[in-house]
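What follows is a single structure, written as structure tokens, with notes after it.
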Amino acid sequence: MLAAAALLWLTASVEGAAQSMSLDSLRHATATMGDSVDAARTRWITSVRRGTTVYDDSLVHEGVTLLFGRSSITDESMLRIREGITQGVAALERQLPGAAEILLAGDAWGIQPSKMSFEFASQREDVLRLAPGRDRFARGGRTLRLPVDTKVVREWVVDRAGQRLADLHPGLRALVGNAAILATDDAVHRTAARSLALSRSSVSRRCITGVTAACSALLSPDDAGWWDPEERPRIRTLAVLPAVGVSALAFAIEEGGSDFLRAVKARESESLDAVPLIAAALQRPVDDVLTSWLSRLQSARIAATSVPAGLLLSSLLWSVAFAAVVAIRRPR
């Protein structure tokens, strides 16, 4: 019995020591990893700062100020960037006349060279980073591979216009969040209608069925009294609010065009409630705006589910041909 007790004590001691060693090793490894991560982060920040080009030159093109270093960008790359901006402005004007002057004029973009980018990390090639302001890591920047593709610059111009659109007024930013895009087609309205119809939120479903008060609650930052605490997470989880906000803003642009943008930009109110902001900019009653917007959603849904006449005719002809073949081959 004494031997058995001694064996049990020895086993427990060995297991305790092993656990202690494991914990000590884990702590040491964690500390070492933390040190290495901190050291790597410091080296990376230092290299970025060392490689940052001082903006010693600038030019204004299509109302946009381009900041760059004379020694860091070739004339060919600058020419392609300017061509891309021109094409982007033309695309904006075709989509919404007068929008470029309102959304791009006075903006400043920095052009920075880089040896590395998140988009092309595996290739480690020379790239240019185009970003708003002086910070090349600013939100919404765009990486340009060399030689510069004017199409990428053109797309950046349109994306930047969408960002500036939401920045015209705090109410618009609260309405669309980071989903700001300059869109005026059926796609955004179909997405909103589908999100509302398929949502588990009763407020969303009431909105798409025509209850304008429910729609106003969805578009308003003040949602007290419209849903229980479980409703809000359901709406945000299913991405209903961004889709609805983008659709409402697209409808306002369709209705008011560039005049709507100018009216919103001139508003001095700092309210985050976008519904009265849009109604005031369109010079229409709130209920009228909501009703018209709901009609736009419904028409987009109908257009998406309607069958083209050509497809119907083709199906009918194939049905007749199939019936004829069956009738001919039927045994008498």
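By order in the structure tokens, chains are A, B, ...; within a chain, residues start at 1; ligands start at 1, following the order shown.
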
Write out as a JSON list (two decimals) with N, CA, C and O atoms, in the first residue's frame which residues come within 7 Å of region 162-178 of chain A when counting only C-alpha atoms, dropping same-chain ones fewer than 6 positions away.
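Saved the output as out.json:
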```
[["chain", "number", "residue", "atom", "x", "y", "z"],
["A", 103, "LEU", "N", -19.24, 67.43, -56.59],
["A", 103, "LEU", "CA", -18.69, 66.35, -55.79],
["A", 103, "LEU", "C", -17.18, 66.23, -55.86],
["A", 103, "LEU", "O", -16.57, 65.62, -54.98],
["A", 219, "LEU", "N", -35.49, 54.85, -41.97],
["A", 219, "LEU", "CA", -34.55, 55.83, -42.49],
["A", 219, "LEU", "C", -34.12, 56.85, -41.46],
["A", 219, "LEU", "O", -33.29, 57.71, -41.74],
["A", 242, "PRO", "N", -28.38, 49.77, -44.84],
["A", 242, "PRO", "CA", -27.57, 50.34, -45.93],
["A", 242, "PRO", "C", -28.27, 50.27, -47.28],
["A", 242, "PRO", "O", -28.24, 51.22, -48.05],
["A", 245, "GLY", "N", -31.07, 52.84, -47.34],
["A", 245, "GLY", "CA", -30.54, 54.19, -47.40],
["A", 245, "GLY", "C", -30.00, 54.54, -48.77],
["A", 245, "GLY", "O", -30.25, 55.65, -49.29],
["A", 246, "VAL", "N", -29.27, 53.62, -49.40],
["A", 246, "VAL", "CA", -28.73, 53.86, -50.74],
["A", 246, "VAL", "C", -29.87, 54.04, -51.73],
["A", 246, "VAL", "O", -29.83, 54.91, -52.62],
["A", 264, "VAL", "N", -28.87, 70.20, -50.75],
["A", 264, "VAL", "CA", -28.38, 69.50, -49.55],
["A", 264, "VAL", "C", -27.09, 70.16, -49.06],
["A", 264, "VAL", "O", -26.90, 70.37, -47.85],
["A", 265, "LYS", "N", -26.22, 70.49, -49.99],
["A", 265, "LYS", "CA", -24.94, 71.11, -49.61],
["A", 265, "LYS", "C", -25.15, 72.46, -48.95],
["A", 265, "LYS", "O", -24.37, 72.86, -48.07],
["A", 270, "GLU", "N", -27.58, 70.46, -38.92],
["A", 270, "GLU", "CA", -26.70, 69.33, -38.65],
["A", 270, "GLU", "C", -27.48, 68.09, -38.23],
["A", 270, "GLU", "O", -26.91, 67.13, -37.73],
["A", 271, "SER", "N", -28.77, 68.08, -38.46],
["A", 271, "SER", "CA", -29.60, 66.94, -38.07],
["A", 271, "SER", "C", -29.18, 65.69, -38.82],
["A", 271, "SER", "O", -28.84, 65.73, -40.00],
["A", 272, "LEU", "N", -29.25, 64.55, -38.13],
["A", 272, "LEU", "CA", -28.92, 63.27, -38.73],
["A", 272, "LEU", "C", -30.14, 62.60, -39.36],
["A", 272, "LEU", "O", -30.01, 61.52, -39.93],
["A", 273, "ASP", "N", -31.29, 63.21, -39.25],
["A", 273, "ASP", "CA", -32.51, 62.63, -39.81],
["A", 273, "ASP", "C", -32.58, 62.99, -41.29],
["A", 273, "ASP", "O", -32.80, 64.14, -41.66],
["A", 274, "ALA", "N", -32.41, 61.98, -42.14],
["A", 274, "ALA", "CA", -32.31, 62.24, -43.58],
["A", 274, "ALA", "C", -33.65, 62.46, -44.25],
["A", 274, "ALA", "O", -33.70, 63.08, -45.31]]
```

Requested in this report: Mind checking which residues fall within 7 Å of Ser247 (chain A), counting only C-alpha atoms, ignoring those fewer than 4 positions away in the same chain, and posting them as a list in words?
Outcome: Val188, His189, Ala192, Ala243 and Phe251 of chain A

Taking N, CA and C atoms for each residue, export the selection above as a short mmCIF file (atom, residue, chain, number, x, y, z; two decimals), in the first residue's frame.
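Listing of result-v3.cif after writing:
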```cif
data_model
loop_
_atom_site.label_atom_id
_atom_site.label_comp_id
_atom_site.auth_asym_id
_atom_site.auth_seq_id
_atom_site.Cartn_x
_atom_site.Cartn_y
_atom_site.Cartn_z
N VAL A 188 -30.24 49.21 -57.44
CA VAL A 188 -30.24 49.58 -56.03
C VAL A 188 -31.65 49.48 -55.43
N HIS A 189 -32.66 49.78 -56.23
CA HIS A 189 -34.03 49.71 -55.72
C HIS A 189 -34.50 48.26 -55.58
N ALA A 192 -32.95 46.93 -52.38
CA ALA A 192 -33.66 47.43 -51.19
C ALA A 192 -34.99 46.73 -51.02
N ALA A 243 -28.90 49.13 -47.58
CA ALA A 243 -29.57 48.99 -48.87
C ALA A 243 -30.72 49.97 -49.00
N PHE A 251 -33.11 57.57 -55.16
CA PHE A 251 -34.40 58.12 -55.58
C PHE A 251 -34.38 59.64 -55.53
#
```

Contacts of region 68-70 of chain A at 8 Å (only C-alpha atoms; same-chain gap of 5+ positions) as an mmCIF file with all heavy atoms, in the first residue's frame:
```cif
data_model
loop_
_atom_site.group_PDB
_atom_site.id
_atom_site.type_symbol
_atom_site.label_atom_id
_atom_site.label_comp_id
_atom_site.auth_asym_id
_atom_site.auth_seq_id
_atom_site.Cartn_x
_atom_site.Cartn_y
_atom_site.Cartn_z
ATOM 1 N N THR A 53 7.080 59.949 -49.668
ATOM 2 C CA THR A 53 7.572 61.036 -50.514
ATOM 3 C C THR A 53 6.989 62.371 -50.069
ATOM 4 O O THR A 53 5.800 62.476 -49.796
ATOM 5 C CB THR A 53 7.187 60.780 -51.972
ATOM 6 O OG1 THR A 53 7.742 59.531 -52.384
ATOM 7 C CG2 THR A 53 7.704 61.886 -52.866
ATOM 8 N N VAL A 54 7.839 63.367 -50.022
ATOM 9 C CA VAL A 54 7.368 64.700 -49.700
ATOM 10 C C VAL A 54 6.688 65.280 -50.940
ATOM 11 O O VAL A 54 7.233 65.233 -52.038
ATOM 12 C CB VAL A 54 8.544 65.601 -49.276
ATOM 13 C CG1 VAL A 54 8.061 67.022 -49.037
ATOM 14 C CG2 VAL A 54 9.214 65.043 -48.040
ATOM 15 N N TYR A 55 5.473 65.787 -50.757
ATOM 16 C CA TYR A 55 4.775 66.413 -51.880
ATOM 17 C C TYR A 55 5.430 67.772 -52.142
ATOM 18 O O TYR A 55 5.250 68.717 -51.373
ATOM 19 C CB TYR A 55 3.297 66.595 -51.554
ATOM 20 C CG TYR A 55 2.544 65.307 -51.357
ATOM 21 C CD1 TYR A 55 1.734 65.117 -50.249
ATOM 22 C CD2 TYR A 55 2.629 64.282 -52.292
ATOM 23 C CE1 TYR A 55 1.024 63.935 -50.073
ATOM 24 C CE2 TYR A 55 1.940 63.104 -52.129
ATOM 25 C CZ TYR A 55 1.134 62.933 -51.019
ATOM 26 O OH TYR A 55 0.447 61.761 -50.851
ATOM 27 N N ASP A 56 6.172 67.848 -53.226
ATOM 28 C CA ASP A 56 6.825 69.107 -53.550
ATOM 29 C C ASP A 56 6.275 69.728 -54.828
ATOM 30 O O ASP A 56 6.834 70.703 -55.349
ATOM 31 C CB ASP A 56 8.335 68.912 -53.681
ATOM 32 C CG ASP A 56 8.711 67.856 -54.715
ATOM 33 O OD1 ASP A 56 7.805 67.399 -55.450
ATOM 34 O OD2 ASP A 56 9.894 67.491 -54.780
ATOM 35 N N ASP A 57 5.178 69.162 -55.361
ATOM 36 C CA ASP A 57 4.580 69.727 -56.556
ATOM 37 C C ASP A 57 3.092 69.393 -56.563
ATOM 38 O O ASP A 57 2.644 68.471 -55.872
ATOM 39 C CB ASP A 57 5.244 69.175 -57.811
ATOM 40 C CG ASP A 57 5.075 70.109 -59.003
ATOM 41 O OD1 ASP A 57 4.301 71.088 -58.877
ATOM 42 O OD2 ASP A 57 5.702 69.868 -60.046
ATOM 43 N N SER A 58 2.349 70.128 -57.348
ATOM 44 C CA SER A 58 0.911 69.893 -57.443
ATOM 45 C C SER A 58 0.398 70.479 -58.751
ATOM 46 O O SER A 58 1.057 71.322 -59.371
ATOM 47 C CB SER A 58 0.166 70.533 -56.267
ATOM 48 O OG SER A 58 0.289 71.948 -56.306
ATOM 49 N N GLY A 110 -3.520 62.666 -53.089
ATOM 50 C CA GLY A 110 -2.081 62.462 -53.037
ATOM 51 C C GLY A 110 -1.675 61.234 -53.835
ATOM 52 O O GLY A 110 -2.379 60.223 -53.840
ATOM 53 N N ILE A 111 -0.541 61.312 -54.522
ATOM 54 C CA ILE A 111 -0.009 60.193 -55.296
ATOM 55 C C ILE A 111 1.332 59.801 -54.682
ATOM 56 O O ILE A 111 2.273 60.591 -54.673
ATOM 57 C CB ILE A 111 0.179 60.571 -56.773
ATOM 58 C CG1 ILE A 111 -1.114 61.140 -57.345
ATOM 59 C CG2 ILE A 111 0.628 59.351 -57.583
ATOM 60 C CD1 ILE A 111 -0.970 61.682 -58.755
ATOM 61 N N GLN A 112 1.389 58.579 -54.148
ATOM 62 C CA GLN A 112 2.583 58.112 -53.458
ATOM 63 C C GLN A 112 3.121 56.864 -54.130
ATOM 64 O O GLN A 112 2.352 55.964 -54.477
ATOM 65 C CB GLN A 112 2.241 57.779 -51.995
ATOM 66 C CG GLN A 112 2.032 58.973 -51.103
ATOM 67 C CD GLN A 112 3.335 59.424 -50.470
ATOM 68 O OE1 GLN A 112 4.397 58.925 -50.823
ATOM 69 N NE2 GLN A 112 3.248 60.353 -49.547
#
```

Report task. Tell me which protein, DNA and RNA residues are within 6 Å of region 143-155 of chain A, counting only C-alpha atoms, leaving out same-chain ones fewer than 5 positions away, and put them as an NGL selection string. Result -> :A and (77 or 80 or 84-85 or 87-88 or 127-129)

Would you save the residues of that selection, restricted to C-alpha atoms, as a compact mmCIF listing (two decimals), in the first residue's frame?
```txt
# COMPACT_ATOMS: atom_id res chain seq x y z
CA SER A 77 2.08 57.95 -65.32
CA ARG A 80 -2.45 58.46 -67.70
CA GLY A 84 -8.39 58.63 -66.25
CA ILE A 85 -9.70 61.63 -64.31
CA GLN A 87 -12.79 59.96 -68.44
CA GLY A 88 -14.22 59.64 -64.93
CA VAL A 127 2.88 50.64 -57.58
CA LEU A 128 1.38 54.08 -57.04
CA ARG A 129 -1.07 54.75 -54.26
```

Requested in this report: Based on DSSP run over this structure's backbone, return all residues of region 76-192 of chain A in strand (DSSP E), as a list of chain:residue names.
Outcome: A:Ala108, A:Trp109, A:Gly110, A:Ile111, A:Gln112, A:Pro113, A:Ser114, A:Val127, A:Leu128, A:Arg129, A:Leu130, A:Ala131, A:Pro132, A:Arg142, A:Thr143, A:Leu144, A:Arg145

Store the residues of this selection in a file with N, CA, C and O atoms, as a CSV table (one decimal), in the first residue's frame.
```csv
chain,number,residue,atom,x,y,z
A,108,ALA,N,-8.6,67.1,-52.9
A,108,ALA,CA,-7.2,66.9,-53.1
A,108,ALA,C,-6.8,65.5,-53.0
A,108,ALA,O,-7.2,64.8,-52.1
A,109,TRP,N,-6.0,65.0,-53.9
A,109,TRP,CA,-5.6,63.6,-54.0
A,109,TRP,C,-4.0,63.5,-54.0
A,109,TRP,O,-3.4,64.2,-54.7
A,110,GLY,N,-3.5,62.7,-53.1
A,110,GLY,CA,-2.1,62.5,-53.0
A,110,GLY,C,-1.7,61.2,-53.8
A,110,GLY,O,-2.4,60.2,-53.8
A,111,ILE,N,-0.5,61.3,-54.5
A,111,ILE,CA,0.0,60.2,-55.3
A,111,ILE,C,1.3,59.8,-54.7
A,111,ILE,O,2.3,60.6,-54.7
A,112,GLN,N,1.4,58.6,-54.1
A,112,GLN,CA,2.6,58.1,-53.5
A,112,GLN,C,3.1,56.9,-54.1
A,112,GLN,O,2.4,56.0,-54.5
A,113,PRO,N,4.4,56.8,-54.3
A,113,PRO,CA,5.0,55.5,-54.8
A,113,PRO,C,5.1,54.5,-53.7
A,113,PRO,O,5.2,54.9,-52.5
A,114,SER,N,5.1,53.2,-54.0
A,114,SER,CA,5.2,52.2,-53.0
A,114,SER,C,5.8,50.9,-53.6
A,114,SER,O,5.6,50.7,-54.8
A,127,VAL,N,4.2,50.2,-57.4
A,127,VAL,CA,2.9,50.6,-57.6
A,127,VAL,C,2.8,52.1,-57.2
A,127,VAL,O,3.7,52.6,-56.5
A,128,LEU,N,1.7,52.7,-57.5
A,128,LEU,CA,1.4,54.1,-57.0
A,128,LEU,C,0.1,54.0,-56.2
A,128,LEU,O,-0.8,53.2,-56.5
A,129,ARG,N,0.1,54.7,-55.1
A,129,ARG,CA,-1.1,54.8,-54.3
A,129,ARG,C,-1.8,56.1,-54.4
A,129,ARG,O,-1.2,57.1,-54.2
A,130,LEU,N,-3.0,56.0,-54.8
A,130,LEU,CA,-3.8,57.2,-55.0
A,130,LEU,C,-4.8,57.3,-53.9
A,130,LEU,O,-5.6,56.4,-53.6
A,131,ALA,N,-4.8,58.4,-53.1
A,131,ALA,CA,-5.7,58.5,-51.9
A,131,ALA,C,-6.0,59.9,-51.7
A,131,ALA,O,-5.3,60.8,-52.1
A,132,PRO,N,-7.2,60.1,-51.0
A,132,PRO,CA,-7.6,61.5,-50.7
A,132,PRO,C,-6.7,62.2,-49.7
A,132,PRO,O,-6.3,61.5,-48.7
A,142,ARG,N,-6.8,54.0,-53.6
A,142,ARG,CA,-6.8,53.0,-54.8
A,142,ARG,C,-5.3,52.8,-55.2
A,142,ARG,O,-4.5,53.7,-55.3
A,143,THR,N,-4.9,51.5,-55.4
A,143,THR,CA,-3.6,51.2,-55.8
A,143,THR,C,-3.5,51.1,-57.3
A,143,THR,O,-4.4,50.4,-58.0
A,144,LEU,N,-2.6,51.7,-57.9
A,144,LEU,CA,-2.4,51.7,-59.4
A,144,LEU,C,-1.1,51.0,-59.8
A,144,LEU,O,0.0,51.3,-59.4
A,145,ARG,N,-1.3,49.9,-60.5
A,145,ARG,CA,-0.2,49.2,-61.0
A,145,ARG,C,0.5,50.0,-62.1
A,145,ARG,O,-0.2,50.8,-62.8
```

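Atom to atom, CA of Leu182 (chain A) and CA of Leu67 (chain A) stand 25.1 Å apart.
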
Query raised in the report: Which neighbours of Asp107 (chain A) fall inside 7 Å, counting only C-alpha atoms, when residues of the same chain fewer than 2 positions from it are skipped, and could you give them as a ChimeraX atom specification?
Result: /A:64-65,104-105,109

**Report entry** For region 281-297 of chain A: contacts at 6 Å, only C-alpha atoms, fewer than 2 positions along chain excluded, given as a list in words
**Finding:**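 Here the answer would be His189, Ala193, Phe260, Ala263, Val264, Ile278, Ala279, Ser299 and Ala300 of chain A.
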
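One finds CA of Gly257 (chain A) at 25.2 Å from CA of Gly210 (chain A).
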
Query raised in the report: Given the choices A:Arg200, A:Arg206, A:Arg301, A:Arg262, which gets closest to Ala100 (chain A) if the distance is worked out from only C-alpha atoms?
Result: A:Arg262
